[in-house]
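Dropping structure_9.pdb in here (PDB, C-alpha atoms):
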```pdb
ATOM      1  CA  MET A   1      69.652 112.354 101.111
ATOM      2  CA  ILE A   2      66.962 110.116 102.595
ATOM      3  CA  ASP A   3      66.524 110.709 106.321
ATOM      4  CA  ILE A   4      67.086 107.414 108.145
ATOM      5  CA  SER A   5      64.569 107.376 110.986
ATOM      6  CA  LEU A   6      64.648 105.353 114.205
ATOM      7  CA  LYS A   7      61.745 103.312 112.840
ATOM      8  CA  MET A   8      63.777 102.413 109.738
ATOM      9  CA  GLN A   9      66.761 101.428 111.875
ATOM     10  CA  GLN A  10      64.540  99.217 114.022
ATOM     11  CA  GLN A  11      63.011  97.560 110.963
ATOM     12  CA  TYR A  12      66.448  96.831 109.504
ATOM     13  CA  ARG A  13      67.718  95.387 112.786
ATOM     14  CA  ARG A  14      64.604  93.228 113.164
ATOM     15  CA  ASP A  15      64.296  91.971 109.576
ATOM     16  CA  GLY A  16      67.895  92.138 108.344
ATOM     17  CA  TYR A  17      66.834  94.159 105.315
ATOM     18  CA  ILE A  18      64.839  97.206 104.257
ATOM     19  CA  ARG A  19      63.615  98.605 100.945
ATOM     20  CA  ILE A  20      63.939 102.381 100.652
ATOM     21  CA  PRO A  21      61.696 103.939  97.989
ATOM     22  CA  ASN A  22      63.299 106.748  95.973
ATOM     23  CA  GLY A  23      66.592 106.164  97.748
ATOM     24  CA  VAL A  24      68.729 107.453  94.888
ATOM     25  CA  ASP A  25      68.147 109.960  92.102
ATOM     26  CA  VAL A  26      67.027 108.560  88.766
ATOM     27  CA  LYS A  27      69.346 110.820  86.720
ATOM     28  CA  SER A  28      72.514 109.345  88.223
ATOM     29  CA  LEU A  29      71.146 105.821  87.725
ATOM     30  CA  GLY A  30      70.616 106.513  84.036
ATOM     31  CA  GLU A  31      74.213 107.672  83.631
ATOM     32  CA  LEU A  32      75.473 104.697  85.613
ATOM     33  CA  ALA A  33      73.447 102.225  83.542
ATOM     34  CA  VAL A  34      74.893 103.460  80.249
ATOM     35  CA  GLU A  35      78.432 103.189  81.618
ATOM     36  CA  LEU A  36      77.911  99.758  83.175
ATOM     37  CA  ARG A  37      76.489  98.232  80.012
ATOM     38  CA  ASP A  38      79.702  99.032  78.151
ATOM     39  CA  LEU A  39      81.883  97.822  81.029
ATOM     40  CA  MET A  40      79.956  94.600  81.467
ATOM     41  CA  ALA A  41      80.103  93.860  77.750
ATOM     42  CA  ALA A  42      83.871  94.326  77.815
ATOM     43  CA  LEU A  43      84.528  92.470  81.078
ATOM     44  CA  ASN A  44      81.858  89.742  80.960
ATOM     45  CA  PRO A  45      83.476  86.522  82.267
ATOM     46  CA  ASN A  46      80.567  84.307  81.144
ATOM     47  CA  LYS A  47      81.466  83.177  77.634
ATOM     48  CA  THR A  48      79.757  79.774  77.856
ATOM     49  CA  PRO A  49      76.163  79.514  76.565
ATOM     50  CA  LEU A  50      73.632  79.985  79.356
ATOM     51  CA  GLU A  51      72.278  76.440  79.210
ATOM     52  CA  LEU A  52      75.772  74.942  79.726
ATOM     53  CA  ARG A  53      76.714  76.968  82.803
ATOM     54  CA  SER A  54      76.692  76.020  86.485
ATOM     55  CA  THR A  55      73.798  77.094  88.708
ATOM     56  CA  TYR A  56      75.923  79.980  90.022
ATOM     57  CA  LYS A  57      76.816  81.272  86.563
ATOM     58  CA  LYS A  58      73.275  80.876  85.249
ATOM     59  CA  ALA A  59      72.094  83.150  88.053
ATOM     60  CA  PHE A  60      73.988  86.299  87.084
ATOM     61  CA  THR A  61      76.998  87.865  85.433
ATOM     62  CA  GLN A  62      79.192  89.377  88.138
ATOM     63  CA  VAL A  63      82.001  91.938  87.833
ATOM     64  CA  THR A  64      83.593  93.557  90.885
ATOM     65  CA  ASN A  65      85.654  96.649  91.745
ATOM     66  CA  LEU A  66      84.149  98.560  88.840
ATOM     67  CA  TRP A  67      84.781 101.815  90.696
ATOM     68  CA  GLN A  68      88.442 101.397  89.747
ATOM     69  CA  LYS A  69      87.639 101.088  86.053
ATOM     70  CA  SER A  70      85.476 104.147  85.402
ATOM     71  CA  GLU A  71      85.208 107.689  86.710
ATOM     72  CA  ILE A  72      81.418 107.582  86.399
ATOM     73  CA  VAL A  73      81.207 104.394  88.472
ATOM     74  CA  ARG A  74      83.767 105.724  90.934
ATOM     75  CA  ASN A  75      81.757 108.880  91.554
ATOM     76  CA  PHE A  76      78.640 106.813  92.194
ATOM     77  CA  VAL A  77      80.192 104.163  94.439
ATOM     78  CA  LEU A  78      82.030 106.704  96.599
ATOM     79  CA  ARG A  79      78.970 108.904  97.161
ATOM     80  CA  LYS A  80      78.937 110.253 100.704
ATOM     81  CA  ASP A  81      75.134 110.379 100.891
ATOM     82  CA  LEU A  82      74.810 106.639 100.266
ATOM     83  CA  ALA A  83      77.632 105.880 102.712
ATOM     84  CA  GLU A  84      75.939 108.000 105.358
ATOM     85  CA  MET A  85      72.704 106.068 104.811
ATOM     86  CA  ALA A  86      74.651 102.828 105.308
ATOM     87  CA  ALA A  87      76.207 104.059 108.555
ATOM     88  CA  LYS A  88      72.901 105.261 109.933
ATOM     89  CA  ILE A  89      70.889 102.170 109.007
ATOM     90  CA  MET A  90      73.516  99.973 110.705
ATOM     91  CA  GLY A  91      73.902 102.341 113.652
ATOM     92  CA  VAL A  92      77.671 102.756 113.313
ATOM     93  CA  SER A  93      79.747 105.927 113.372
ATOM     94  CA  GLY A  94      81.405 105.421 110.005
ATOM     95  CA  VAL A  95      81.770 103.073 107.057
ATOM     96  CA  ARG A  96      84.339 101.943 104.525
ATOM     97  CA  LEU A  97      83.863 100.410 101.122
ATOM     98  CA  TYR A  98      84.280  96.646 101.080
ATOM     99  CA  HIS A  99      83.700  96.370  97.355
ATOM    100  CA  ASP A 100      81.203  96.998  94.581
ATOM    101  CA  GLN A 101      79.811  94.571  92.046
ATOM    102  CA  ALA A 102      77.439  94.676  89.120
ATOM    103  CA  LEU A 103      75.009  91.762  88.930
ATOM    104  CA  PHE A 104      73.333  91.421  85.541
ATOM    105  CA  LYS A 105      70.782  88.600  85.243
ATOM    106  CA  GLU A 106      70.336  87.791  81.572
ATOM    107  CA  ALA A 107      66.947  87.305  79.955
ATOM    108  CA  GLY A 108      66.189  83.684  80.729
ATOM    109  CA  GLY A 109      68.769  83.657  83.546
ATOM    110  CA  GLY A 110      68.260  81.204  86.379
ATOM    111  CA  ALA A 111      67.317  81.745  89.995
ATOM    112  CA  THR A 112      69.955  82.771  92.514
ATOM    113  CA  PRO A 113      69.920  80.083  95.226
ATOM    114  CA  TRP A 114      69.141  80.915  98.844
ATOM    115  CA  HIS A 115      72.367  81.969 100.548
ATOM    116  CA  VAL A 116      74.132  84.398 102.878
ATOM    117  CA  ASP A 117      76.737  86.810 101.534
ATOM    118  CA  GLN A 118      79.092  87.001 104.482
ATOM    119  CA  VAL A 119      80.268  83.406 104.170
ATOM    120  CA  TYR A 120      82.626  84.839 101.529
ATOM    121  CA  TRP A 121      83.773  87.878 103.521
ATOM    122  CA  PRO A 122      86.804  87.689 105.873
ATOM    123  CA  LEU A 123      85.355  90.397 108.120
ATOM    124  CA  ASP A 124      85.174  90.251 111.920
ATOM    125  CA  THR A 125      81.961  92.285 112.232
ATOM    126  CA  PRO A 126      78.227  91.787 111.714
ATOM    127  CA  ASN A 127      78.076  95.464 110.713
ATOM    128  CA  THR A 128      78.083  94.958 106.969
ATOM    129  CA  CYS A 129      75.396  95.763 104.445
ATOM    130  CA  THR A 130      74.752  95.562 100.726
ATOM    131  CA  PHE A 131      72.966  98.273  98.775
ATOM    132  CA  TRP A 132      71.167  96.459  95.927
ATOM    133  CA  ILE A 133      70.327  99.140  93.372
ATOM    134  CA  PRO A 134      68.287  98.151  90.290
ATOM    135  CA  LEU A 135      68.931 100.151  87.137
ATOM    136  CA  GLN A 136      65.393  99.681  85.816
ATOM    137  CA  THR A 137      61.931  99.145  87.229
ATOM    138  CA  THR A 138      62.170  95.566  88.460
ATOM    139  CA  PRO A 139      59.066  93.392  88.873
ATOM    140  CA  SER A 140      59.288  89.931  90.418
ATOM    141  CA  GLU A 141      59.422  88.361  86.933
ATOM    142  CA  MET A 142      62.910  89.833  86.458
ATOM    143  CA  GLY A 143      64.316  88.186  89.576
ATOM    144  CA  THR A 144      63.960  90.534  92.529
ATOM    145  CA  LEU A 145      65.596  89.809  95.867
ATOM    146  CA  THR A 146      63.578  87.906  98.455
ATOM    147  CA  PHE A 147      64.575  87.820 102.133
ATOM    148  CA  ALA A 148      63.875  85.532 105.066
ATOM    149  CA  LYS A 149      63.015  88.188 107.622
ATOM    150  CA  GLY A 150      65.057  87.938 110.820
ATOM    151  CA  SER A 151      67.327  85.190 109.500
ATOM    152  CA  HIS A 152      70.418  87.323 110.157
ATOM    153  CA  LEU A 153      69.878  86.668 113.865
ATOM    154  CA  HIS A 154      70.329  82.899 113.394
ATOM    155  CA  SER A 155      73.534  81.029 112.559
ATOM    156  CA  GLU A 156      72.277  77.895 110.810
ATOM    157  CA  GLY A 157      73.757  77.306 107.355
ATOM    158  CA  ARG A 158      76.240  80.140 107.519
ATOM    159  CA  GLU A 159      79.043  77.956 106.189
ATOM    160  CA  MET A 160      77.222  77.236 102.900
ATOM    161  CA  VAL A 161      78.274  78.928  99.663
ATOM    162  CA  ILE A 162      75.822  79.713  96.847
ATOM    163  CA  SER A 163      74.892  76.361  95.331
ATOM    164  CA  ASP A 164      72.131  73.849  94.718
ATOM    165  CA  ALA A 165      72.897  72.575  98.216
ATOM    166  CA  SER A 166      72.329  76.003  99.805
ATOM    167  CA  GLU A 167      69.025  76.289  97.923
ATOM    168  CA  THR A 168      67.877  72.914  99.247
ATOM    169  CA  PHE A 169      69.027  73.551 102.817
ATOM    170  CA  PHE A 170      67.661  77.071 103.213
ATOM    171  CA  SER A 171      64.363  76.315 101.446
ATOM    172  CA  GLN A 172      63.661  73.610 104.023
ATOM    173  CA  TYR A 173      65.076  75.660 106.891
ATOM    174  CA  ILE A 174      62.823  78.613 106.066
ATOM    175  CA  LYS A 175      59.783  76.316 106.015
ATOM    176  CA  ASP A 176      60.745  74.617 109.269
ATOM    177  CA  THR A 177      61.523  77.870 111.061
ATOM    178  CA  GLY A 178      58.529  79.784 109.720
ATOM    179  CA  PHE A 179      60.398  82.896 108.605
ATOM    180  CA  ASP A 180      58.228  85.490 106.907
ATOM    181  CA  VAL A 181      59.521  85.927 103.346
ATOM    182  CA  SER A 182      59.531  89.329 101.634
ATOM    183  CA  SER A 183      58.040  89.982  98.197
ATOM    184  CA  ASP A 184      59.148  93.473  97.199
ATOM    185  CA  GLU A 185      59.162  94.863  93.680
ATOM    186  CA  PHE A 186      61.236  97.897  92.716
ATOM    187  CA  GLU A 187      60.655 101.155  90.932
ATOM    188  CA  LEU A 188      63.666 102.900  89.428
ATOM    189  CA  GLY A 189      65.355 104.763  92.281
ATOM    190  CA  ASP A 190      64.420 102.261  94.987
ATOM    191  CA  ILE A 191      67.206 100.687  97.051
ATOM    192  CA  SER A 192      67.268  97.411  98.956
ATOM    193  CA  ILE A 193      69.667  97.201 101.903
ATOM    194  CA  HIS A 194      70.453  93.874 103.554
ATOM    195  CA  ALA A 195      72.846  92.635 106.218
ATOM    196  CA  GLY A 196      75.663  90.250 105.397
ATOM    197  CA  TRP A 197      74.081  87.334 107.272
ATOM    198  CA  THR A 198      70.513  87.759 105.979
ATOM    199  CA  VAL A 199      69.329  84.697 104.054
ATOM    200  CA  HIS A 200      68.075  85.721 100.616
ATOM    201  CA  HIS A 201      67.647  84.660  97.016
ATOM    202  CA  ALA A 202      66.404  85.980  93.674
ATOM    203  CA  GLY A 203      64.031  84.358  91.241
ATOM    204  CA  PRO A 204      64.782  83.644  87.578
ATOM    205  CA  ASN A 205      64.491  86.349  84.957
ATOM    206  CA  ILE A 206      61.596  85.160  82.814
ATOM    207  CA  THR A 207      61.398  88.427  80.837
ATOM    208  CA  HIS A 208      63.178  89.387  77.614
ATOM    209  CA  GLN A 209      65.110  92.201  79.318
ATOM    210  CA  VAL A 210      68.397  91.989  81.214
ATOM    211  CA  ARG A 211      67.956  92.676  84.929
ATOM    212  CA  GLU A 212      70.711  95.221  85.607
ATOM    213  CA  VAL A 213      71.717  95.820  89.223
ATOM    214  CA  MET A 214      74.598  97.673  90.858
ATOM    215  CA  THR A 215      75.590  96.783  94.392
ATOM    216  CA  ILE A 216      77.759  98.545  96.952
ATOM    217  CA  ILE A 217      78.936  96.659 100.031
ATOM    218  CA  TYR A 218      79.826  98.666 103.136
ATOM    219  CA  MET A 219      81.477  97.661 106.402
ATOM    220  CA  ALA A 220      81.888  99.516 109.686
ATOM    221  CA  ASP A 221      85.074 101.575 109.583
ATOM    222  CA  ASP A 222      86.589  99.686 112.546
ATOM    223  CA  THR A 223      86.377  96.295 110.829
ATOM    224  CA  HIS A 224      89.332  93.906 111.150
ATOM    225  CA  LEU A 225      90.277  90.894 109.070
ATOM    226  CA  VAL A 226      89.174  87.650 110.713
ATOM    227  CA  LYS A 227      91.998  85.816 112.434
ATOM    228  CA  SER A 228      91.445  82.518 110.607
ATOM    229  CA  PRO A 229      89.980  83.061 107.124
ATOM    230  CA  SER A 230      88.333  80.029 105.522
ATOM    231  CA  LYS A 231      89.375  78.835 102.073
ATOM    232  CA  THR A 232      86.317  80.600 100.683
ATOM    233  CA  GLN A 233      87.251  83.838 102.427
ATOM    234  CA  LEU A 234      90.847  83.733 101.187
ATOM    235  CA  VAL A 235      89.625  84.530  97.664
ATOM    236  CA  ASP A 236      87.866  87.677  98.875
ATOM    237  CA  ARG A 237      90.765  88.599 101.128
ATOM    238  CA  ASP A 238      93.154  88.686  98.205
ATOM    239  CA  ALA A 239      90.709  90.509  95.924
ATOM    240  CA  PHE A 240      89.293  93.143  98.274
ATOM    241  CA  THR A 241      91.576  93.504 101.326
ATOM    242  CA  PRO A 242      95.076  92.939  99.924
ATOM    243  CA  ASP A 243      98.130  92.888 102.200
ATOM    244  CA  ILE A 244      96.072  92.855 105.409
ATOM    245  CA  SER A 245      97.196  90.354 108.057
ATOM    246  CA  PRO A 246      94.776  88.296 110.176
ATOM    247  CA  GLY A 247      93.354  90.416 112.983
ATOM    248  CA  GLU A 248      94.548  93.690 111.417
ATOM    249  CA  LEU A 249      92.364  96.744 110.829
ATOM    250  CA  ILE A 250      91.195  96.804 107.212
ATOM    251  CA  ASP A 251      92.543 100.039 105.766
ATOM    252  CA  THR A 252      93.754  99.724 102.178
ATOM    253  CA  PRO A 253      93.410 101.850  99.040
ATOM    254  CA  LEU A 254      90.615  99.452  97.987
ATOM    255  CA  ASN A 255      88.704 100.176 101.209
ATOM    256  CA  PRO A 256      88.452 103.957 101.498
ATOM    257  CA  ALA A 257      86.587 105.528 104.391
ATOM    258  CA  LEU A 258      83.420 106.984 102.848
ATOM    259  CA  PHE A 259      81.635 108.487 105.839
ATOM    260  CA  LYS A 260      82.556 109.400 109.397
ATOM    261  CA  GLY A 261      79.999 110.892 111.763
ATOM    262  CA  ASP A 262      80.615 113.586 114.316
TER     263      ASP A 262
END
```
Would it be possible to restate this file's structure as structure tokens?
Amino acid sequence: MIDISLKMQQQYRRDGYIRIPNGVDVKSLGELAVELRDLMAALNPNKTPLELRSTYKKAFTQVTNLWQKSEIVRNFVLRKDLAEMAAKIMGVSGVRLYHDQALFKEAGGGATPWHVDQVYWPLDTPNTCTFWIPLQTTPSEMGTLTFAKGSHLHSEGREMVISDASETFFSQYIKDTGFDVSSDEFELGDISIHAGWTVHHAGPNITHQVREVMTIIYMADDTHLVKSPSKTQLVDRDAFTPDISPGELIDTPLNPALFKGD
């Protein structure tokens, strides 16, 4: 497992994201990629031709809770070493799974608009993070993630879902505020970790290869459901935290505890 240093923790808390080179072994990524390709082909919800889709659906093909559909995916998503990394980078004692999702950006797929993830999540904590794990070497031409460094510490635009409007708002906001914007590229095995409120986007995939990415979203193990979920958050509540009442500790079979420190 990668040793999470104090310097790495400080960078994550300052910038709202961090790229960790060689964060996961290449062998397990190869096995995961083979499995996910079959699952995504079978479960792909995007049947409409690319040019006729909405901005959101042009950006990626998304399938969630894949850990419940495959033993290979389950073994990867529930890995204790990755969960421990998540706990340490956030500085919390333990983490639970919120959910997983594969994000495949087709060859020719559009840009993912600037947005924040946690607008969708009915979680009462800022201690959430997404592990964005490419399944191939990923240059910027394939649509890598780009982050507005430090934007997780600001609340402007947090009510906006992924859309043309969020792209317009955050593009101008980033210019006006002067956020430094990241420009990382990824070798196979690299991991990007970002906080739920970090403003980010991904460029279009202008290559002839599908950009295949697996994500795992973690939350602190003492996370409760928000007391007044928005309409947007109700969709996630039903999908990922079923049968939990407002204000209640999130502890369901879909949200197993994956790491608990001493």
### Message
Counting only C-alpha atoms, I want the residues whose atoms come within 10 Å of (62.1, 83.6, 112.7) in the file frame, returned as number ranges by chain.
### Response
A: 14-15, 148-154, 174, 176-181
What would the file look like if the residues just selected were written as a PDB file, in the coordinates of the input with C-alpha atoms?
```pdb
ATOM      1  CA  ARG A  14      64.604  93.228 113.164  1.00  0.00           C
ATOM      2  CA  ASP A  15      64.296  91.971 109.576  1.00  0.00           C
ATOM      3  CA  ALA A 148      63.875  85.532 105.066  1.00  0.00           C
ATOM      4  CA  LYS A 149      63.015  88.188 107.622  1.00  0.00           C
ATOM      5  CA  GLY A 150      65.057  87.938 110.820  1.00  0.00           C
ATOM      6  CA  SER A 151      67.327  85.190 109.500  1.00  0.00           C
ATOM      7  CA  HIS A 152      70.418  87.323 110.157  1.00  0.00           C
ATOM      8  CA  LEU A 153      69.878  86.668 113.865  1.00  0.00           C
ATOM      9  CA  HIS A 154      70.329  82.899 113.394  1.00  0.00           C
ATOM     10  CA  ILE A 174      62.823  78.613 106.066  1.00  0.00           C
ATOM     11  CA  ASP A 176      60.745  74.617 109.269  1.00  0.00           C
ATOM     12  CA  THR A 177      61.523  77.870 111.061  1.00  0.00           C
ATOM     13  CA  GLY A 178      58.529  79.784 109.720  1.00  0.00           C
ATOM     14  CA  PHE A 179      60.398  82.896 108.605  1.00  0.00           C
ATOM     15  CA  ASP A 180      58.228  85.490 106.907  1.00  0.00           C
ATOM     16  CA  VAL A 181      59.521  85.927 103.346  1.00  0.00           C
TER      17      VAL A 181
END
```
### Task
Run the PyMOL selection byres ((chain A and resi 12) around 12) against the file shown and list the residues it catches, as a PyMOL selection string.
chain A and resi 4-11+13-20+86+88-91+127+129+147+149-153+192-195+198
### Shell of 10 Å around stretch 48-59 of chain A, only C-alpha atoms, local chain residues under 6 positions omitted, as a list in words
Leu103, Phe104, Lys105, Glu106, Ala107, Gly108, Gly109, Gly110, Ala111, Thr112, Pro113, Gly143, Val161, Ile162, Ser163, Asp164, Ala202, Gly203, Pro204 and Asn205 of chain A
Can you write out as a tab-separated table which residues of stretch 106-173 of chain A fall within 9 Å of stretch 239-251 of chain A, alongside each residue's closest atom pair and its distance in Å to one decimal, counting all atoms listed in the file and ordering rows by chain and ascending residue number?
```
residue	atom	partner	partner_atom	distance
A:Pro122	CA	A:Thr241	CA	8.8
A:Leu123	CA	A:Ile250	CA	8.7
A:Asp124	CA	A:Gly247	CA	8.3
```
### For atom CA of A:Asp3 and atom CA of A:Ser93, the interatomic separation in Å (one decimal)
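Separation of atom CA of A:Asp3 and atom CA of A:Ser93: 15.7 Å.
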### Query
Hey, what's within 8 Å of stretch 232-234 of chain A if we count only C-alpha atoms and toss same-chain stuff fewer than 6 positions away? As a ChimeraX atom specification, please?
/A:119-122
### Query
What lies within 9 Å of A:Ser70 using all atoms listed in the file, ignoring chain neighbours under 4 positions off, as a ChimeraX atom specification?
/A:35,39,66,74-75
#### Entry: Minimum-distance residue to A:Gln101, chosen among A:Asp25, A:Glu185, A:Asp221, A:Glu212 (using only C-alpha atoms)
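Answer, going by the shortest atom-to-atom distance: A:Glu212.
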### Query
What's the 6 Å shell around A:Met219, counting all atoms listed in the file, without same-chain residues fewer than 6 positions away, as a PyMOL selection string?
chain A and resi 95-96+127-128
Would you write out those residues with C-alpha atoms, as an mmCIF file, keeping the file's coordinate frame?
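Result file is result_7.cif:
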```
data_model
loop_
_atom_site.group_PDB
_atom_site.id
_atom_site.type_symbol
_atom_site.label_atom_id
_atom_site.label_comp_id
_atom_site.auth_asym_id
_atom_site.auth_seq_id
_atom_site.Cartn_x
_atom_site.Cartn_y
_atom_site.Cartn_z
ATOM 1 C CA VAL A 95 81.770 103.073 107.057
ATOM 2 C CA ARG A 96 84.339 101.943 104.525
ATOM 3 C CA ASN A 127 78.076 95.464 110.713
ATOM 4 C CA THR A 128 78.083 94.958 106.969
#
```
Could you work out an axis-aligned bounding box for all listed atoms of stretch 217-225 of chain A, with 3 Å added on each of the six sides, and give its centre and edge lengths in Å to one decimal, as lines of an AutoDock Vina configuration file?
```
center_x = 84.6
center_y = 96.2
center_z = 106.3
size_x = 17.3
size_y = 16.7
size_z = 18.5
```
### Task
With a distance cut-off of 8 Å and only C-alpha atoms, select the neighbouring residues of A:Ile217, excluding the residue or stretch itself and same-chain residues fewer than 6 positions from it, and output the selection as a PyMOL selection string.
chain A and resi 97-100+128-131
C-alpha atoms of the current selection, written as a PDB file, in the coordinates of the input:
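After the write, part_11.pdb holds the following:
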```pdb
ATOM      1  CA  LEU A  97      83.863 100.410 101.122  1.00  0.00           C
ATOM      2  CA  TYR A  98      84.280  96.646 101.080  1.00  0.00           C
ATOM      3  CA  HIS A  99      83.700  96.370  97.355  1.00  0.00           C
ATOM      4  CA  ASP A 100      81.203  96.998  94.581  1.00  0.00           C
ATOM      5  CA  THR A 128      78.083  94.958 106.969  1.00  0.00           C
ATOM      6  CA  CYS A 129      75.396  95.763 104.445  1.00  0.00           C
ATOM      7  CA  THR A 130      74.752  95.562 100.726  1.00  0.00           C
ATOM      8  CA  PHE A 131      72.966  98.273  98.775  1.00  0.00           C
TER       9      PHE A 131
END
```
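Here atom CA of A:Tyr173 stands at a distance of 24.3 Å from atom CA of A:Trp132.
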Target residues per the PyMOL selection byres ((chain A and resi 62) around 6), formatted as a PDB file with C-alpha atoms, in the coordinates of the input:
```pdb
ATOM      1  CA  THR A  61      76.998  87.865  85.433  1.00  0.00           C
ATOM      2  CA  VAL A  63      82.001  91.938  87.833  1.00  0.00           C
ATOM      3  CA  ALA A 102      77.439  94.676  89.120  1.00  0.00           C
ATOM      4  CA  LEU A 103      75.009  91.762  88.930  1.00  0.00           C
TER       5      LEU A 103
END
```
Could I see stretch 49-62 of chain A restored to N, CA and C atoms, set down as a compact mmCIF listing (two decimals), keeping the file's coordinate frame?
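What ended up in rebuild.txt:
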```txt
# COMPACT_ATOMS: atom_id res chain seq x y z
N PRO A 49 77.61 79.36 76.72
CA PRO A 49 76.16 79.51 76.56
C PRO A 49 75.43 79.27 77.88
N LEU A 50 74.36 80.00 78.09
CA LEU A 50 73.63 79.98 79.36
C LEU A 50 73.26 78.57 79.79
N GLU A 51 72.78 77.77 78.86
CA GLU A 51 72.28 76.44 79.21
C GLU A 51 73.38 75.47 79.64
N LEU A 52 74.66 75.82 79.38
CA LEU A 52 75.77 74.94 79.73
C LEU A 52 76.49 75.38 81.00
N ARG A 53 76.03 76.44 81.62
CA ARG A 53 76.71 76.97 82.80
C ARG A 53 76.27 76.26 84.08
N SER A 54 77.05 76.49 85.15
CA SER A 54 76.69 76.02 86.48
C SER A 54 75.51 76.84 87.01
N THR A 55 74.90 76.37 88.09
CA THR A 55 73.80 77.09 88.71
C THR A 55 74.22 78.51 89.06
N TYR A 56 75.42 78.66 89.62
CA TYR A 56 75.92 79.98 90.02
C TYR A 56 76.02 80.91 88.81
N LYS A 57 76.58 80.41 87.72
CA LYS A 57 76.82 81.27 86.56
C LYS A 57 75.57 81.50 85.72
N LYS A 58 74.57 80.62 85.89
CA LYS A 58 73.28 80.88 85.25
C LYS A 58 72.53 82.01 85.95
N ALA A 59 72.85 82.21 87.23
CA ALA A 59 72.09 83.15 88.05
C ALA A 59 72.38 84.61 87.71
N PHE A 60 73.64 84.91 87.39
CA PHE A 60 73.99 86.30 87.08
C PHE A 60 75.39 86.38 86.50
N THR A 61 75.65 87.48 85.83
CA THR A 61 77.00 87.86 85.43
C THR A 61 77.50 88.87 86.45
N GLN A 62 78.67 88.62 87.00
CA GLN A 62 79.19 89.38 88.14
C GLN A 62 80.56 89.96 87.80
```
